[in-house]
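Okay, query-v5.csv now, which holds CSV, C-alpha atoms:
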```csv
chain,number,residue,atom,x,y,z
A,407,MET,CA,-22.0,-13.4,19.5
A,408,ALA,CA,-20.2,-14.1,22.8
A,409,SER,CA,-18.8,-17.5,23.5
A,410,SER,CA,-20.6,-17.6,26.8
A,411,ASN,CA,-22.8,-15.5,28.9
A,412,LEU,CA,-19.7,-13.5,29.9
A,413,LYS,CA,-17.7,-11.3,27.6
A,414,THR,CA,-17.3,-11.0,23.8
A,415,LYS,CA,-13.8,-12.2,23.0
A,416,ILE,CA,-11.9,-10.0,20.6
A,417,PHE,CA,-8.5,-11.0,19.2
A,418,LEU,CA,-6.6,-8.3,17.2
A,419,THR,CA,-3.4,-7.8,15.5
A,420,GLY,CA,-1.6,-4.5,14.9
A,421,ALA,CA,-2.2,-3.1,18.3
A,422,THR,CA,1.1,-1.3,18.4
A,423,GLY,CA,0.6,0.2,14.9
A,424,TYR,CA,-1.1,3.3,13.7
A,425,ILE,CA,-4.4,1.8,12.6
A,426,GLY,CA,-4.5,-1.0,15.1
A,427,GLY,CA,-3.5,1.3,18.0
A,428,SER,CA,-6.2,3.8,17.0
A,429,VAL,CA,-8.9,1.1,16.8
A,430,LEU,CA,-7.9,-0.5,20.0
A,431,GLN,CA,-7.9,2.8,21.8
A,432,ARG,CA,-11.3,3.6,20.5
A,433,LEU,CA,-12.7,0.2,21.6
A,434,LEU,CA,-11.2,0.6,25.0
A,435,GLN,CA,-13.3,3.8,25.3
A,436,HIS,CA,-16.4,2.0,24.0
A,437,PRO,CA,-19.5,2.4,26.2
A,438,LYS,CA,-19.6,-1.4,26.5
A,439,ALA,CA,-15.9,-1.9,26.8
A,440,SER,CA,-16.4,-3.8,30.0
A,441,ASP,CA,-18.3,-6.4,28.0
A,442,PHE,CA,-15.2,-7.0,25.8
A,443,GLU,CA,-12.2,-9.2,26.5
A,444,PHE,CA,-9.3,-8.1,24.4
A,445,THR,CA,-6.4,-10.3,23.3
A,446,ALA,CA,-3.6,-8.6,21.2
A,447,LEU,CA,-0.7,-10.1,19.4
A,448,VAL,CA,2.5,-7.9,19.8
A,449,ARG,CA,6.1,-8.5,19.1
A,450,SER,CA,7.6,-6.6,22.0
A,451,PRO,CA,7.5,-8.1,25.5
A,452,GLU,CA,7.9,-4.6,26.9
A,453,LYS,CA,4.8,-3.3,25.1
A,454,ALA,CA,2.9,-6.4,26.0
A,455,GLU,CA,3.5,-5.7,29.6
A,456,ILE,CA,2.3,-2.1,29.3
A,457,LEU,CA,-0.8,-3.3,27.5
A,458,LYS,CA,-1.5,-5.7,30.3
A,459,GLU,CA,-0.7,-3.4,33.3
A,460,LYS,CA,-2.0,-0.1,32.0
A,461,PHE,CA,-4.9,-1.1,29.7
A,462,GLY,CA,-6.1,-4.5,30.8
A,463,VAL,CA,-5.4,-6.1,27.4
A,464,ASN,CA,-4.3,-9.7,27.3
A,465,ALA,CA,-1.2,-9.2,25.2
A,466,VAL,CA,0.4,-12.3,23.7
A,467,VAL,CA,4.0,-12.0,22.5
A,468,GLY,CA,4.4,-13.2,18.9
A,469,ASN,CA,4.3,-12.2,15.3
A,470,LEU,CA,2.3,-12.8,12.1
A,471,GLY,CA,4.6,-15.6,11.0
A,472,GLU,CA,3.5,-17.8,13.9
A,473,VAL,CA,0.5,-19.2,12.2
A,474,GLU,CA,-0.2,-22.0,14.7
A,475,LYS,CA,-0.5,-19.4,17.4
A,476,LEU,CA,-2.7,-17.2,15.3
A,477,THR,CA,-5.0,-20.1,14.6
A,478,ARG,CA,-5.3,-21.0,18.2
A,479,LEU,CA,-6.0,-17.4,19.3
A,480,SER,CA,-8.6,-17.0,16.5
A,481,GLU,CA,-10.4,-20.2,17.5
A,482,ASP,CA,-10.8,-18.8,21.0
A,483,ALA,CA,-12.3,-15.5,19.7
A,484,ASP,CA,-15.8,-14.4,18.8
A,485,VAL,CA,-14.3,-11.6,16.7
A,486,VAL,CA,-10.9,-11.2,14.9
A,487,LEU,CA,-9.8,-7.8,14.0
A,488,SER,CA,-7.0,-8.0,11.3
A,489,LEU,CA,-5.3,-4.6,11.7
A,490,ALA,CA,-1.7,-5.3,10.9
A,491,ASP,CA,-1.0,-6.2,7.3
A,492,ALA,CA,-3.3,-6.0,4.4
A,493,ASP,CA,-1.2,-8.3,2.3
A,494,ASP,CA,-0.1,-11.1,4.7
A,495,LEU,CA,-2.0,-14.0,3.2
A,496,PRO,CA,-0.7,-16.8,5.5
A,497,SER,CA,-1.7,-14.9,8.7
A,498,VAL,CA,-5.2,-14.2,7.3
A,499,GLN,CA,-5.5,-17.9,6.3
A,500,ALA,CA,-4.6,-18.7,10.0
A,501,PHE,CA,-7.3,-16.4,11.2
A,502,ILE,CA,-9.8,-18.1,8.9
A,503,GLN,CA,-8.7,-21.6,10.0
A,504,GLY,CA,-9.2,-20.8,13.6
A,505,LEU,CA,-12.6,-19.2,13.1
A,506,LYS,CA,-13.6,-22.1,10.9
A,507,SER,CA,-12.7,-24.5,13.7
A,508,LYS,CA,-14.7,-22.5,16.1
A,509,HIS,CA,-17.7,-22.6,13.7
A,510,GLU,CA,-17.4,-26.4,13.3
A,511,LYS,CA,-17.3,-26.9,17.1
A,512,THR,CA,-20.0,-24.5,18.1
A,513,GLY,CA,-22.2,-24.1,15.0
A,514,LYS,CA,-21.9,-20.3,15.4
A,515,ARG,CA,-20.4,-18.1,12.7
A,516,PRO,CA,-17.7,-15.8,14.3
A,517,ILE,CA,-16.7,-12.4,12.8
A,518,LEU,CA,-13.7,-11.4,10.9
A,519,ILE,CA,-13.0,-7.7,10.2
A,520,HIS,CA,-10.1,-7.4,7.8
A,521,THR,CA,-8.2,-4.2,7.0
A,522,SER,CA,-7.5,-3.8,3.3
A,523,GLY,CA,-7.0,-0.4,1.6
A,524,THR,CA,-8.0,1.6,-1.5
A,525,GLY,CA,-4.7,0.6,-3.0
A,526,VAL,CA,-7.0,-2.1,-4.4
A,527,LEU,CA,-8.6,0.6,-6.6
A,528,THR,CA,-5.4,1.9,-8.1
A,529,ASP,CA,-4.5,2.3,-11.8
A,530,HIS,CA,-1.1,2.8,-13.4
A,531,ALA,CA,-1.1,6.6,-13.9
A,532,ARG,CA,2.5,6.9,-12.5
A,533,GLY,CA,1.9,10.5,-11.7
A,534,MET,CA,0.8,11.6,-15.1
A,535,TYR,CA,-3.0,12.0,-15.2
A,536,ALA,CA,-6.1,12.2,-13.2
A,537,SER,CA,-8.8,9.6,-13.8
A,538,ASP,CA,-12.5,10.0,-13.7
A,539,LYS,CA,-13.0,6.3,-12.7
A,540,ILE,CA,-14.8,6.0,-9.3
A,541,TYR,CA,-15.7,2.8,-7.5
A,542,HIS,CA,-18.8,2.8,-5.4
A,543,ASP,CA,-18.6,0.2,-2.6
A,544,SER,CA,-22.3,-0.3,-2.6
A,545,ARG,CA,-22.3,-1.5,-6.2
A,546,VAL,CA,-21.1,-5.0,-6.0
A,547,GLU,CA,-20.6,-5.3,-9.8
A,548,GLU,CA,-18.1,-2.4,-9.7
A,549,MET,CA,-16.1,-4.0,-6.9
A,550,GLU,CA,-16.1,-7.4,-8.5
A,551,SER,CA,-14.8,-5.9,-11.7
A,552,LEU,CA,-11.5,-5.4,-10.0
A,553,PRO,CA,-8.8,-7.8,-11.4
A,554,ASP,CA,-7.6,-10.5,-9.0
A,555,THR,CA,-4.1,-9.1,-9.6
A,556,GLN,CA,-4.9,-5.7,-7.9
A,557,LEU,CA,-3.0,-4.9,-4.7
A,558,HIS,CA,-4.6,-6.5,-1.6
A,559,ARG,CA,-7.2,-8.3,-3.8
A,560,ASN,CA,-5.9,-11.9,-3.2
A,561,VAL,CA,-6.3,-11.5,0.5
A,562,ASP,CA,-9.6,-9.7,0.2
A,563,LEU,CA,-11.0,-12.6,-1.9
A,564,THR,CA,-9.7,-15.2,0.6
A,565,VAL,CA,-11.6,-13.4,3.3
A,566,ILE,CA,-14.8,-13.1,1.2
A,567,ASN,CA,-14.6,-16.8,0.2
A,568,ALA,CA,-14.5,-17.8,3.9
A,569,ASP,CA,-17.8,-15.9,4.3
A,570,ARG,CA,-19.3,-17.6,1.2
A,571,ASN,CA,-18.4,-21.0,2.7
A,572,GLY,CA,-20.5,-20.1,5.8
A,573,TRP,CA,-17.6,-20.4,8.2
A,574,LEU,CA,-17.7,-16.8,9.4
A,575,TYR,CA,-19.1,-13.3,8.7
A,576,SER,CA,-16.5,-11.2,6.9
A,577,TYR,CA,-16.3,-7.4,6.6
A,578,VAL,CA,-13.4,-5.9,4.6
A,579,VAL,CA,-12.6,-2.3,5.5
A,580,ALA,CA,-10.7,-0.4,2.8
A,581,PRO,CA,-9.3,2.9,4.1
A,582,SER,CA,-8.0,5.5,1.7
A,583,THR,CA,-5.0,7.7,2.5
A,584,ILE,CA,-5.1,7.9,6.3
A,585,TYR,CA,-3.8,11.1,7.9
A,586,GLY,CA,-3.5,12.9,11.2
A,587,LEU,CA,-1.1,12.3,14.1
A,588,ALA,CA,-2.6,9.7,16.5
A,589,HIS,CA,-3.1,10.9,20.0
A,590,GLY,CA,-4.3,9.4,23.3
A,591,PRO,CA,-3.2,7.2,26.2
A,592,LEU,CA,-2.1,4.2,24.0
A,593,PHE,CA,0.2,6.5,22.0
A,594,ASP,CA,1.3,8.6,24.9
A,595,SER,CA,2.5,5.4,26.7
A,596,GLY,CA,4.8,4.6,23.7
A,597,VAL,CA,2.9,1.4,22.8
A,598,ALA,CA,1.6,2.5,19.4
A,599,HIS,CA,3.0,4.3,16.4
A,600,ARG,CA,1.7,7.9,15.8
A,601,HIS,CA,2.3,8.2,12.1
A,602,SER,CA,0.5,6.9,9.0
A,603,ALA,CA,2.4,5.8,5.9
A,604,GLN,CA,1.8,7.5,2.6
A,605,ILE,CA,2.0,11.2,3.6
A,606,PRO,CA,4.8,10.7,6.2
A,607,ASN,CA,6.8,8.8,3.6
A,608,LEU,CA,6.3,11.6,1.1
A,609,ILE,CA,7.4,14.1,3.8
A,610,LYS,CA,10.5,12.1,4.7
A,611,ALA,CA,11.5,11.8,1.0
A,612,SER,CA,11.1,15.5,0.6
A,613,LEU,CA,13.1,16.3,3.7
A,614,ALA,CA,15.9,14.1,2.5
A,615,ARG,CA,16.2,15.8,-0.8
A,616,GLY,CA,15.7,19.3,0.6
A,617,ARG,CA,12.7,20.1,-1.5
A,618,GLY,CA,9.1,18.9,-1.9
A,619,GLY,CA,8.9,16.0,-4.3
A,620,MET,CA,6.2,14.3,-6.2
A,621,ALA,CA,5.8,11.2,-8.4
A,622,GLY,CA,5.6,12.3,-12.0
A,623,GLU,CA,3.5,15.4,-12.3
A,624,GLY,CA,1.4,14.7,-9.2
A,625,LYS,CA,-1.8,14.7,-11.2
A,626,PRO,CA,-3.5,11.5,-9.9
A,627,ILE,CA,-6.3,11.7,-7.4
A,628,TRP,CA,-6.7,9.6,-4.2
A,629,ASN,CA,-9.3,9.8,-1.4
A,630,ASN,CA,-8.4,10.5,2.2
A,631,VAL,CA,-9.7,9.8,5.7
A,632,HIS,CA,-8.7,11.1,9.2
A,633,VAL,CA,-7.5,8.4,11.6
A,634,GLU,CA,-10.1,9.4,14.2
A,635,ASP,CA,-12.9,9.0,11.7
A,636,LEU,CA,-11.4,5.6,10.8
A,637,ALA,CA,-11.3,4.4,14.4
A,638,GLU,CA,-14.9,5.5,14.9
A,639,PHE,CA,-16.0,3.4,11.9
A,640,TYR,CA,-14.5,0.3,13.3
A,641,SER,CA,-16.4,0.8,16.5
A,642,LEU,CA,-19.6,1.4,14.6
A,643,LEU,CA,-19.0,-1.7,12.4
A,644,LEU,CA,-18.3,-3.9,15.4
A,645,ASP,CA,-21.5,-2.8,17.0
A,646,ALA,CA,-23.5,-3.5,13.9
A,647,ALA,CA,-21.9,-6.9,13.3
A,648,LEU,CA,-22.4,-8.0,16.9
A,649,ALA,CA,-26.0,-6.9,16.9
A,650,ASN,CA,-27.1,-8.4,13.5
A,651,PRO,CA,-24.2,-9.9,11.4
A,652,ASP,CA,-26.6,-10.9,8.6
A,653,GLY,CA,-28.4,-7.6,8.6
A,654,ILE,CA,-25.5,-5.6,7.2
A,655,PRO,CA,-23.4,-6.1,4.0
A,656,HIS,CA,-20.9,-9.0,4.5
A,657,GLY,CA,-19.0,-11.3,2.3
A,658,ARG,CA,-19.0,-10.3,-1.3
A,659,THR,CA,-21.1,-7.2,-0.6
A,660,GLY,CA,-19.3,-6.4,2.6
A,661,ILE,CA,-16.5,-4.1,1.4
A,662,TYR,CA,-16.4,-0.7,3.2
A,663,VAL,CA,-14.4,2.1,1.6
A,664,LEU,CA,-13.5,4.8,4.1
A,665,GLU,CA,-13.1,8.3,2.6
A,666,ASN,CA,-14.2,11.9,3.2
A,667,GLY,CA,-12.5,13.9,0.5
A,668,GLU,CA,-10.0,13.7,-2.3
A,669,HIS,CA,-6.6,15.1,-3.1
A,670,ALA,CA,-4.4,15.3,-6.1
A,671,TRP,CA,-0.9,14.2,-5.1
A,672,TYR,CA,0.5,17.5,-6.3
A,673,ASP,CA,-1.6,19.3,-3.6
A,674,ILE,CA,0.0,17.3,-0.9
A,675,SER,CA,3.5,17.9,-2.3
A,676,LYS,CA,2.7,21.6,-2.6
A,677,ALA,CA,1.6,21.7,1.1
A,678,ILE,CA,4.8,19.9,2.1
A,679,SER,CA,6.9,22.4,0.1
A,680,ARG,CA,5.2,25.4,1.6
A,681,ALA,CA,5.6,24.0,5.1
A,682,MET,CA,9.3,23.3,4.4
A,683,VAL,CA,9.8,26.9,3.3
A,684,GLU,CA,8.1,28.2,6.4
A,685,LEU,CA,10.3,26.0,8.6
A,686,GLY,CA,13.4,27.1,6.9
A,687,LEU,CA,14.0,23.7,5.3
A,688,ALA,CA,13.7,24.5,1.6
A,689,ALA,CA,14.2,27.5,-0.6
A,690,SER,CA,11.3,26.9,-3.0
A,691,ASP,CA,7.7,26.0,-2.3
A,692,GLU,CA,7.2,24.4,-5.7
A,693,PRO,CA,7.7,20.6,-5.7
A,694,THR,CA,9.7,18.9,-8.4
A,695,SER,CA,9.4,15.3,-9.7
A,696,PHE,CA,11.3,12.5,-8.1
A,697,THR,CA,13.9,10.9,-10.3
A,698,ASP,CA,13.7,7.1,-10.6
A,699,GLU,CA,16.8,6.9,-8.4
A,700,GLU,CA,15.0,8.9,-5.7
A,701,LEU,CA,11.8,6.8,-5.9
A,702,ALA,CA,13.9,3.7,-5.5
A,703,ARG,CA,15.9,5.2,-2.6
A,704,PHE,CA,13.0,6.7,-0.7
A,705,PHE,CA,10.2,4.2,-1.3
A,706,GLY,CA,12.1,0.9,-1.8
A,707,SER,CA,11.6,0.7,-5.5
A,708,VAL,CA,10.4,2.8,-8.4
A,709,ASP,CA,7.1,0.8,-8.7
A,710,ASN,CA,6.5,1.1,-5.0
A,711,GLY,CA,7.0,4.9,-5.1
A,712,TYR,CA,4.4,5.2,-7.8
A,713,GLN,CA,2.1,2.8,-6.0
A,714,GLN,CA,2.2,4.8,-2.8
A,715,VAL,CA,2.0,8.4,-4.1
A,716,GLY,CA,1.6,8.3,-7.9
A,717,GLN,CA,-1.6,6.5,-8.8
A,718,ASN,CA,-5.3,7.3,-9.0
A,719,SER,CA,-7.5,5.6,-6.4
A,720,ARG,CA,-11.0,7.0,-6.2
A,721,GLY,CA,-13.9,5.4,-4.3
A,722,ARG,CA,-17.1,6.3,-2.6
A,723,GLY,CA,-17.8,5.0,0.9
A,724,GLU,CA,-21.6,4.7,0.6
A,725,GLN,CA,-21.8,1.6,2.8
A,726,ALA,CA,-20.1,3.1,5.8
A,727,ARG,CA,-22.4,6.1,5.7
A,728,ALA,CA,-25.4,3.8,5.4
A,729,LEU,CA,-24.4,2.3,8.7
A,730,GLY,CA,-24.5,5.8,10.2
A,731,TRP,CA,-20.8,6.7,9.9
A,732,LYS,CA,-20.4,10.5,9.9
A,733,PRO,CA,-16.8,11.5,9.3
A,734,LYS,CA,-15.9,14.9,10.7
A,735,TYR,CA,-12.6,15.7,9.0
A,736,THR,CA,-12.3,17.1,5.5
A,737,ARG,CA,-9.8,17.7,2.8
A,738,ALA,CA,-9.0,21.0,4.4
A,739,ASP,CA,-8.1,19.3,7.6
A,740,MET,CA,-5.9,16.9,5.7
A,741,LEU,CA,-3.9,19.8,4.2
A,742,ALA,CA,-3.7,21.5,7.5
A,743,SER,CA,-2.3,18.4,9.1
A,744,ILE,CA,0.8,18.3,7.0
A,745,LYS,CA,2.9,21.0,8.8
A,746,PRO,CA,2.3,19.4,12.2
A,747,GLU,CA,3.2,16.1,10.8
A,748,ILE,CA,6.5,17.5,9.5
A,749,GLU,CA,7.2,19.1,12.9
A,750,SER,CA,6.5,15.9,14.7
A,751,ILE,CA,8.8,13.9,12.5
A,752,LEU,CA,11.6,16.4,13.0
A,753,GLU,CA,11.0,16.5,16.8
A,754,GLU,CA,11.2,12.7,16.9
A,755,ARG,CA,14.5,12.8,15.0
A,756,ARG,CA,15.9,15.3,17.4
A,757,GLY,CA,14.8,13.1,20.3
A,758,SER,CA,16.4,10.0,18.9
A,759,LYS,CA,19.7,11.9,18.7
A,760,ALA,CA,19.6,13.3,22.2
```

Do you think you could lay out the structure here as structure tokens?
Amino acid sequence: MASSNLKTKIFLTGATGYIGGSVLQRLLQHPKASDFEFTALVRSPEKAEILKEKFGVNAVVGNLGEVEKLTRLSEDADVVLSLADADDLPSVQAFIQGLKSKHEKTGKRPILIHTSGTGVLTDHARGMYASDKIYHDSRVEEMESLPDTQLHRNVDLTVINADRNGWLYSYVVAPSTIYGLAHGPLFDSGVAHRHSAQIPNLIKASLARGRGGMAGEGKPIWNNVHVEDLAEFYSLLLDAALANPDGIPHGRTGIYVLENGEHAWYDISKAISRAMVELGLAASDEPTSFTDEELARFFGSVDNGYQQVGQNSRGRGEQARALGWKPKYTRADMLASIKPEIESILEERRGSKA
């Protein structure tokens, strides 16, 4: 897939984030990393300099709103890794336009790996019930039964349609609740963000109210995946796509759910509550329901609070496993990660006040 007999050019967004930083760090440690030429879009000139000097990454200062820059960088790439925002349609359209131009000029189909999420599978339980509906990513009829109005779906369909048109090979990765503090050189250098979103947001809301909280009764069920298992899959997928892009599911069949366990939201809120008691931050280890006012205050809106930590989202990542993905971390590891996550958040707060 390389543009020449030299290196495979990889353009990625989100390098300073939790997912993007984890994926970039894994690819920098790839056995064939010397065959890759990385270009990363970052907002911070300071972080761009660190990426260049310490990690050999060609860092371009910019943001997702600079669509002409995104188009140009994508046209110059063999692979685009969309790792920053699952719902930013204009930026994804820019990636596609650039890759389409490359295809028209060279006759080759470049690769687009886009990060979506299992938010696309959610219902409207609002914390009140567990669902037995499970989506299997290997069953195209199940995935295509999702309404176009589902979270992330408009962007996913845009990516899939670009593959259908023959401009590129598309692979949509849909991680479930990602957990675990990110570690390694990229994070130690201060370039990338160590924390995920859903569980840390639930922790911060609970800390702010002085007691573990949950949306509704915490009954809905969601899958989870450790950040290191996630990064490993991106490396595996990249290898497979470069080796034989037509030989693995792509386009309408190329949706890859990442999961290795499930949790009820109550279980996470209970684990947060227990850890808060152990750390002397709460008197009771039993979570209580957020009020609508709390959901709005801590999550931006009532609906967003329920979407983040109050819906069912159940899938089975059969396609990732068919590629040879073997996740190591389990639900027990997820629950065990919560107290260290709380301690890390508190330590960072103390550091920022120093």

Fill in: Within-12 Å shell of (-23.7, -17.6, 9.2) in input frame, only C-alpha atoms, as JSON, numbers by chain
{"A": [407, 505, 506, 509, 510, 512, 513, 514, 515, 516, 517, 518, 568, 569, 570, 571, 572, 573, 574, 575, 576, 647, 650, 651, 652, 653, 656, 657]}

With the cut-off set at 10 Å and counting all atoms listed in the file, tabulate each residue of segment 615-634 of chain A with an atom at most that distance from an atom of segment 740-756 of chain A, showing the nearest atom pair and its distance in Å to one decimal, ordered by chain and increasing number, as a Markdown table.
```
| residue | atom | partner | partner_atom | distance |
| --- | --- | --- | --- | --- |
| A:Asn630 | CA | A:Met740 | CA | 7.7 |
| A:Val631 | CA | A:Met740 | CA | 8.1 |
| A:His632 | CA | A:Met740 | CA | 7.3 |
```

Item to complete: Do a neighbour search on Val683 of chain A at 12 Å with all atoms listed in the file, toss out local chain neighbours closer than 4 positions, and write the hits as number ranges by chain.
Response: A: 612-613, 616-618, 676-679, 687-693, 745, 748

Practice prompt. Compare A:Arg658, A:Arg727, A:Arg720, A:Lys413 by their minimum atom-to-atom distance to Asp529 of chain A, counting all atoms listed in the file, and give me the closest one.
Written response: A:Arg720

Practice prompt. Name the residues in contact with segment 449-462 of chain A at a cut-off of 12 Å, using all atoms listed in the file, excluding same-chain residues fewer than 2 positions from it; report them as a PyMOL selection string.
Written response: chain A and resi 419-423+427+430-431+433-435+439-440+442-447+464-472+490+591-599

Compile the contact shell of Leu527 of chain A as a PDB file with C-alpha atoms, in the coordinates of the input: residues with an atom at most 9 Å away, counting all atoms listed in the file, same-chain residues fewer than 5 positions apart removed.
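Written file, selection_4.pdb:
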```pdb
ATOM      1  CA  ILE A 540     -14.800   6.000  -9.300  1.00  0.00           C
ATOM      2  CA  TYR A 541     -15.700   2.800  -7.500  1.00  0.00           C
ATOM      3  CA  MET A 549     -16.100  -4.000  -6.900  1.00  0.00           C
ATOM      4  CA  LEU A 552     -11.500  -5.400 -10.000  1.00  0.00           C
ATOM      5  CA  GLN A 556      -4.900  -5.700  -7.900  1.00  0.00           C
ATOM      6  CA  LEU A 557      -3.000  -4.900  -4.700  1.00  0.00           C
ATOM      7  CA  ASN A 718      -5.300   7.300  -9.000  1.00  0.00           C
ATOM      8  CA  SER A 719      -7.500   5.600  -6.400  1.00  0.00           C
ATOM      9  CA  ARG A 720     -11.000   7.000  -6.200  1.00  0.00           C
ATOM     10  CA  GLY A 721     -13.900   5.400  -4.300  1.00  0.00           C
TER      11      GLY A 721
END
```

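Take atom CA of Leu487 of chain A and atom CA of Val715 of chain A: the distance between them is 27.0 Å.
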
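Distance check against Ala603 of chain A using all atoms listed in the file: of A:Gly660, A:Gly533, A:Gly711, A:Pro626, the minimum falls on A:Gly711.
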
Worksheet entry | Straight-line distance linking atom CA of Trp671 of chain A with atom CA of Arg722 of chain A, stated in Å to one decimal | 18.2 Å

Discussion item. Let me make sure I understand: among A:Tyr424, A:Phe501, A:Trp731, A:Phe704, which one has the smallest atom-to-atom distance to Ile609 of chain A if we use only C-alpha atoms?
Written reply: A:Phe704

Worksheet item: Counting only C-alpha atoms, what is within 8 Å of Ala637 of chain A, bar same-chain residues fewer than 6 positions away, as a PyMOL selection string?
Response: chain A and resi 425+428-429+432
